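Here the structure is laid out as structure tokens; the discussion comes afterwards.
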Amino acid sequence: MPFCKQKCSYCNFHFSTSLKLKEEMISAIKKEIFLRKDELENKTLSSLYFGGGTPSILSVDEIKSLIDEVLKYFDFEKNIEITLEANPDDLDKNFLKNLAQTEINRLSIGTQSFFEEDLKLMNRAHNVSEAESSIKRAQDFGFENLSIDLIYGSPTSNLQIWKENLQKTIELQVPHVSSYALTIEPKTALNAWIKKNKISKPEESTQNKEFYYLSDFLKDHGFIHYEISNFAKKDFESKHNSAYWKYKEYLGIGPSAHSYNGRNQRSWNVANNTKYIKNLAENILPKETEILTEKDQYNEMLMIGLRTIWGVDLEKMNEKFSDEILETFNKDVQAKIEEGILIIEKNHLKIPEKHWFLADGIASDLFIV
């Protein structure tokens, strides 16, 4: 849902702060669901995810109408996970009361921090009071399956502030945390401020320290560190995101959304609201498709699998790839095992958790170009 109230200083996702195309966008999304309903082999969904942008900018009736549209063409598993990404300032009493009457059963709340200086730097639309009260209010209306986003390594933060952010998370009894290092993306306000020396660049050594404190602290409080940036109490892992990490098929609807057929085909929609709406009005799918080569599939399996607690299934690797690729793979992996930065457990290749902060670099060292 490509709309937001305002632009966060670190964000380079596709969205618009103008809502004038909202109704047309909802109609276009419904059209896309209809046109692509046969792309998923499995017509019984285990997860449905409202991402953005800011989906909580919609009214509850608009959210409900989109769920009803999906139900025209798909069935829901009995225990389907239906997540709505939400900003704290949108989660008022009336919104939550009505949302609790829909099929939405999980909220992913963009908290980011419980400190005002962090929120101001990030140009978030909410304040500290809303950050905390939105979580409590959601719980009061029966939303137990909650995830919050937290950002570490900000120039406005330090290890003590980070510790207090995590302590507040525990006090609020949130069962899932997605946590990311503040990264400086091109064409963002944050990048411009750093170039003009208005703020200091995040320190990688500080982010490294805060990442490992995060991991140790949440594990000490009963969380499973199941993907580099994701932590969950038992049975609260994100079904939806786990499907990405386990190479399952998924269908992405809306501007800039991505899809994957579970085998060798990936597609993505145009990141332009006007063009997206216009194309669908003409029954044209506004997407590009890429057939993944064997090397692409190999590199993706490594990149995704090595970020998770499950690692890379070596049996699947041996079934899927040619002898030529496997020869290179086995040679490169053996070198990393001897360095101590890869291990094999129960026929799965994994990065020891003490090296997780460097996982993307370790995976890319194994890529075939």
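Convention: chains lettered A, B, ... in structure tokens order; per-chain residue numbering from 1; ligands numbered from 1 as shown.
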Exercise: Val333 of chain A partners within 9 Å, only C-alpha atoms, chain neighbours under 2 positions left out, as an NGL selection string: :A and (328-331 or 335-338 or 342-343 or 349 or 366)
Export of the given selection (all heavy atoms) as a tab-separated table (two decimals), in the first residue's frame:
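Everything below was put into selection-v1.tsv:
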chain	number	residue	atom	x	y	z
A	328	THR	N	32.47	-26.19	-7.24
A	328	THR	CA	32.92	-24.87	-6.76
A	328	THR	C	32.41	-24.62	-5.35
A	328	THR	O	33.15	-24.15	-4.47
A	328	THR	CB	32.40	-23.76	-7.70
A	328	THR	OG1	32.88	-24.01	-9.02
A	328	THR	CG2	32.86	-22.39	-7.25
A	329	PHE	N	31.13	-24.94	-5.13
A	329	PHE	CA	30.50	-24.74	-3.82
A	329	PHE	C	31.26	-25.50	-2.73
A	329	PHE	O	31.64	-24.93	-1.69
A	329	PHE	CB	29.05	-25.20	-3.89
A	329	PHE	CG	28.35	-25.30	-2.57
A	329	PHE	CD1	28.00	-24.16	-1.85
A	329	PHE	CD2	28.02	-26.54	-2.03
A	329	PHE	CE1	27.34	-24.26	-0.63
A	329	PHE	CE2	27.37	-26.65	-0.81
A	329	PHE	CZ	27.03	-25.50	-0.11
A	330	ASN	N	31.50	-26.78	-2.94
A	330	ASN	CA	32.15	-27.60	-1.92
A	330	ASN	C	33.56	-27.12	-1.61
A	330	ASN	O	33.99	-27.11	-0.45
A	330	ASN	CB	32.18	-29.07	-2.37
A	330	ASN	CG	30.79	-29.69	-2.34
A	330	ASN	OD1	29.98	-29.37	-1.49
A	330	ASN	ND2	30.51	-30.57	-3.30
A	331	LYS	N	34.27	-26.69	-2.64
A	331	LYS	CA	35.63	-26.18	-2.43
A	331	LYS	C	35.61	-24.88	-1.60
A	331	LYS	O	36.36	-24.74	-0.63
A	331	LYS	CB	36.30	-25.93	-3.79
A	331	LYS	CG	37.76	-25.47	-3.70
A	331	LYS	CD	38.37	-25.27	-5.07
A	331	LYS	CE	37.78	-24.04	-5.75
A	331	LYS	NZ	38.42	-23.73	-7.06
A	335	ALA	N	36.82	-24.19	2.59
A	335	ALA	CA	37.75	-23.13	3.03
A	335	ALA	C	37.15	-22.31	4.17
A	335	ALA	O	37.84	-21.97	5.13
A	335	ALA	CB	38.10	-22.23	1.85
A	336	LYS	N	35.85	-22.02	4.07
A	336	LYS	CA	35.18	-21.23	5.11
A	336	LYS	C	35.02	-22.04	6.40
A	336	LYS	O	35.07	-21.49	7.50
A	336	LYS	CB	33.79	-20.77	4.62
A	336	LYS	CG	33.81	-19.82	3.43
A	336	LYS	CD	34.28	-18.44	3.80
A	336	LYS	CE	34.17	-17.48	2.64
A	336	LYS	NZ	34.85	-16.20	2.89
A	337	ILE	N	34.80	-23.33	6.25
A	337	ILE	CA	34.70	-24.19	7.44
A	337	ILE	C	36.04	-24.20	8.18
A	337	ILE	O	36.09	-24.11	9.42
A	337	ILE	CB	34.27	-25.62	7.05
A	337	ILE	CG1	32.80	-25.62	6.62
A	337	ILE	CG2	34.49	-26.59	8.22
A	337	ILE	CD1	32.32	-26.95	6.04
A	338	GLU	N	37.12	-24.29	7.43
A	338	GLU	CA	38.45	-24.29	8.05
A	338	GLU	C	38.75	-22.95	8.74
A	338	GLU	O	39.46	-22.91	9.74
A	338	GLU	CB	39.50	-24.60	6.99
A	338	GLU	CG	39.48	-26.06	6.54
A	338	GLU	CD	40.35	-26.34	5.33
A	338	GLU	OE1	41.13	-25.45	4.94
A	338	GLU	OE2	40.25	-27.46	4.77
A	342	LEU	N	31.92	-21.01	8.80
A	342	LEU	CA	30.78	-21.84	8.39
A	342	LEU	C	30.86	-23.16	9.15
A	342	LEU	O	31.95	-23.64	9.47
A	342	LEU	CB	30.81	-22.11	6.88
A	342	LEU	CG	30.39	-21.00	5.93
A	342	LEU	CD1	30.56	-21.46	4.48
A	342	LEU	CD2	28.95	-20.55	6.17
A	343	ILE	N	29.68	-23.73	9.42
A	343	ILE	CA	29.62	-25.05	10.05
A	343	ILE	C	28.54	-25.87	9.35
A	343	ILE	O	27.66	-25.31	8.67
A	343	ILE	CB	29.28	-24.97	11.57
A	343	ILE	CG1	27.99	-24.16	11.79
A	343	ILE	CG2	30.43	-24.36	12.35
A	343	ILE	CD1	27.49	-24.17	13.22
A	349	LEU	N	24.05	-26.20	6.07
A	349	LEU	CA	25.18	-25.28	6.15
A	349	LEU	C	24.75	-24.01	6.87
A	349	LEU	O	23.76	-23.38	6.48
A	349	LEU	CB	25.68	-24.95	4.74
A	349	LEU	CG	26.92	-24.05	4.66
A	349	LEU	CD1	28.16	-24.79	5.15
A	349	LEU	CD2	27.12	-23.55	3.22
A	366	LEU	N	30.75	-16.60	-1.42
A	366	LEU	CA	30.48	-17.92	-2.02
A	366	LEU	C	29.76	-17.81	-3.36
A	366	LEU	O	29.56	-18.82	-4.03
A	366	LEU	CB	29.61	-18.77	-1.06
A	366	LEU	CG	30.20	-19.07	0.32
A	366	LEU	CD1	29.17	-19.75	1.19
A	366	LEU	CD2	31.45	-19.93	0.20
Pull the closest atom pair for each residue of segment 83-133 of chain A that gets at most 10 Å from segment 173-186 of chain A, along with the distance in Å to one decimal, counting only C-alpha atoms, ordering rows by chain and then ascending residue number, as a tab-separated table.
residue	atom	partner	partner_atom	distance
A:Ser108	CA	A:His176	CA	8.8
A:Ile109	CA	A:Val177	CA	9.7
A:Gly110	CA	A:Ser178	CA	9.6
A:Gln112	CA	A:Ser179	CA	8.3
A:Met122	CA	A:Leu182	CA	9.6
Can you check which residues of segment 57-247 of chain A DSSP gives as strand (DSSP E or B) on the backbone and send them as a PyMOL selection string? chain A and resi 75-86+106-112+146-152+176-181+224-227+230-232
Hey, can you spit out that residue selection with N, CA and C atoms as a CSV table (one decimal), in the first residue's frame?
chain,number,residue,atom,x,y,z
A,75,ASP,N,-8.8,-19.6,-0.7
A,75,ASP,CA,-9.2,-20.0,0.7
A,75,ASP,C,-8.2,-19.7,1.7
A,76,PHE,N,-8.6,-19.6,2.9
A,76,PHE,CA,-7.6,-19.4,4.0
A,76,PHE,C,-7.4,-20.6,4.8
A,77,GLU,N,-6.2,-21.0,5.2
A,77,GLU,CA,-6.0,-22.0,6.1
A,77,GLU,C,-6.6,-21.7,7.5
A,78,LYS,N,-6.9,-22.7,8.2
A,78,LYS,CA,-7.6,-22.4,9.5
A,78,LYS,C,-6.8,-21.5,10.4
A,79,ASN,N,-5.5,-21.7,10.4
A,79,ASN,CA,-4.6,-20.8,11.3
A,79,ASN,C,-3.8,-19.8,10.4
A,80,ILE,N,-4.5,-19.3,9.4
A,80,ILE,CA,-3.8,-18.3,8.6
A,80,ILE,C,-3.3,-17.1,9.4
A,81,GLU,N,-2.1,-16.6,9.1
A,81,GLU,CA,-1.6,-15.4,9.7
A,81,GLU,C,-1.9,-14.2,8.8
A,82,ILE,N,-2.6,-13.2,9.2
A,82,ILE,CA,-2.9,-12.0,8.4
A,82,ILE,C,-2.4,-10.8,9.2
A,83,THR,N,-1.3,-10.2,8.6
A,83,THR,CA,-0.5,-9.2,9.2
A,83,THR,C,-0.9,-7.8,8.6
A,84,LEU,N,-1.0,-6.8,9.4
A,84,LEU,CA,-1.1,-5.4,9.0
A,84,LEU,C,0.1,-4.6,9.5
A,85,GLU,N,0.9,-4.1,8.6
A,85,GLU,CA,1.9,-3.1,9.1
A,85,GLU,C,1.2,-1.9,9.5
A,86,ALA,N,1.6,-1.3,10.7
A,86,ALA,CA,0.9,-0.1,11.2
A,86,ALA,C,1.9,0.9,11.8
A,106,ARG,N,-2.6,-10.2,13.3
A,106,ARG,CA,-1.2,-9.9,13.6
A,106,ARG,C,-0.9,-8.4,13.2
A,107,LEU,N,-0.2,-7.7,14.1
A,107,LEU,CA,0.2,-6.3,13.8
A,107,LEU,C,1.7,-6.2,13.8
A,108,SER,N,2.2,-5.6,12.8
A,108,SER,CA,3.7,-5.3,12.8
A,108,SER,C,3.8,-3.7,12.9
A,109,ILE,N,4.2,-3.3,14.1
A,109,ILE,CA,4.1,-1.9,14.4
A,109,ILE,C,5.5,-1.2,14.2
A,110,GLY,N,5.5,-0.1,13.5
A,110,GLY,CA,6.8,0.6,13.2
A,110,GLY,C,7.2,1.5,14.3
A,111,THR,N,7.5,0.9,15.4
A,111,THR,CA,7.9,1.7,16.6
A,111,THR,C,9.2,2.4,16.4
A,112,GLN,N,10.3,1.7,16.0
A,112,GLN,CA,11.6,2.1,15.7
A,112,GLN,C,12.4,2.5,17.0
A,146,LEU,N,1.9,-9.6,18.2
A,146,LEU,CA,2.5,-8.3,17.8
A,146,LEU,C,4.0,-8.4,17.5
A,147,SER,N,4.4,-7.7,16.5
A,147,SER,CA,5.8,-7.5,16.2
A,147,SER,C,6.1,-6.0,16.2
A,148,ILE,N,7.2,-5.6,16.7
A,148,ILE,CA,7.6,-4.2,16.6
A,148,ILE,C,9.0,-4.1,15.9
A,149,ASP,N,9.1,-3.0,15.1
A,149,ASP,CA,10.4,-2.7,14.5
A,149,ASP,C,11.2,-1.9,15.5
A,150,LEU,N,12.5,-2.2,15.6
A,150,LEU,CA,13.4,-1.3,16.3
A,150,LEU,C,14.7,-1.1,15.5
A,151,ILE,N,15.2,0.1,15.5
A,151,ILE,CA,16.4,0.5,14.8
A,151,ILE,C,17.5,0.8,15.7
A,152,TYR,N,18.7,0.2,15.5
A,152,TYR,CA,19.9,0.4,16.3
A,152,TYR,C,21.0,1.1,15.5
A,176,HIS,N,7.4,-10.6,19.3
A,176,HIS,CA,8.3,-10.6,18.1
A,176,HIS,C,8.9,-9.3,17.9
A,177,VAL,N,10.2,-9.3,17.5
A,177,VAL,CA,11.0,-8.1,17.3
A,177,VAL,C,11.7,-8.2,15.9
A,178,SER,N,11.5,-7.2,15.1
A,178,SER,CA,12.4,-7.1,13.9
A,178,SER,C,13.3,-5.9,14.1
A,179,SER,N,14.6,-6.1,14.0
A,179,SER,CA,15.5,-5.1,14.4
A,179,SER,C,16.6,-4.9,13.4
A,180,TYR,N,16.8,-3.7,13.0
A,180,TYR,CA,17.8,-3.4,11.8
A,180,TYR,C,18.7,-2.3,12.2
A,181,ALA,N,20.0,-2.4,11.7
A,181,ALA,CA,20.9,-1.3,11.8
A,181,ALA,C,20.5,-0.2,11.0
A,224,ILE,N,13.8,-16.6,20.3
A,224,ILE,CA,14.6,-17.4,19.4
A,224,ILE,C,15.1,-16.4,18.3
A,225,HIS,N,16.4,-16.4,18.1
A,225,HIS,CA,17.0,-15.6,17.0
A,225,HIS,C,16.9,-16.4,15.7
A,226,TYR,N,15.8,-16.3,15.0
A,226,TYR,CA,15.6,-17.2,13.9
A,226,TYR,C,16.0,-16.7,12.5
A,227,GLU,N,16.3,-15.4,12.4
A,227,GLU,CA,16.8,-14.8,11.2
A,227,GLU,C,17.6,-13.6,11.7
A,230,ASN,N,15.5,-10.9,13.0
A,230,ASN,CA,14.2,-11.3,13.6
A,230,ASN,C,14.3,-12.2,14.7
A,231,PHE,N,13.5,-11.9,15.7
A,231,PHE,CA,13.5,-12.6,17.0
A,231,PHE,C,12.0,-12.9,17.4
A,232,ALA,N,11.8,-14.1,17.9
A,232,ALA,CA,10.4,-14.4,18.3
A,232,ALA,C,10.4,-15.3,19.5
For Ser157 of chain A, which residue among A:Gln139, A:Leu218, A:Trp193, A:Asp118 is the nearest when counting only C-alpha atoms?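 Ranking A:Gln139, A:Leu218, A:Trp193, A:Asp118 by distance to Ser157 of chain A, first place goes to A:Asp118.
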Report, in Å with one decimal, the straight-line distance from atom CA of Ser113 of chain A to atom CA of Val128 of chain A. 7.7 Å
I need the residue nearest Phe95 of chain A from this list: A:Ser59, A:Ser129, A:Ser154, A:Ser256. Use only C-alpha atoms for the distance.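 Closest residue, counting only C-alpha atoms: A:Ser59.
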For the helix (DSSP H, G or I) assignment from backbone DSSP, which residues of segment 124-311 of chain A qualify? Please present them as a VMD selection string. chain A and resid 128 to 140 159 to 171 189 to 195 204 to 220 239 to 245 273 to 281 294 to 305
Quick one, how far is atom CA of Ser56 of chain A from atom CA of Leu91 of chain A?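 Distance between the two atoms: 7.9 Å.
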List the spatial neighbours of Phe74 of chain A as a VMD selection string - criterion: any atom at most 10 Å away, only C-alpha atoms, same-chain residues fewer than 6 positions off excluded. chain A and resid 37 to 38 40 42 to 45 68
Nearest residue to Gly153 of chain A from the set A:Asn269, A:Ser205, A:Asn299, A:Asn197 (distances using only C-alpha atoms): A:Ser205
Top pick for closest residue to Ala243 of chain A, considering A:Gly222, A:Pro286, A:Pro2, A:Gly305 and counting only C-alpha atoms: A:Gly305
Which residue, A:Leu306, A:Ala189, A:Ala363, A:Ile284, has the smallest gap to Asn123 of chain A when you use only C-alpha atoms?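 Ranking A:Leu306, A:Ala189, A:Ala363, A:Ile284 by distance to Asn123 of chain A, first place goes to A:Ala189.
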So how many Å separate atom CA of Thr308 of chain A and atom CA of Ile228 of chain A, to one decimal?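 Those two atoms sit 6.3 Å apart.
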Looking at only C-alpha atoms, which of A:Leu71, A:Cys11, A:Leu99, A:Leu48 is the one that sits closest to Tyr250 of chain A?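 Ranked by minimum distance to Tyr250 of chain A, first place goes to A:Leu48.
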Could you give me, as a PyMOL selection string, the residues within 10 Å of Asn272 of chain A, counting only C-alpha atoms and dropping anything in the same chain fewer than 2 positions from it? chain A and resi 2+14-16+254-256+269-270+274-277+286
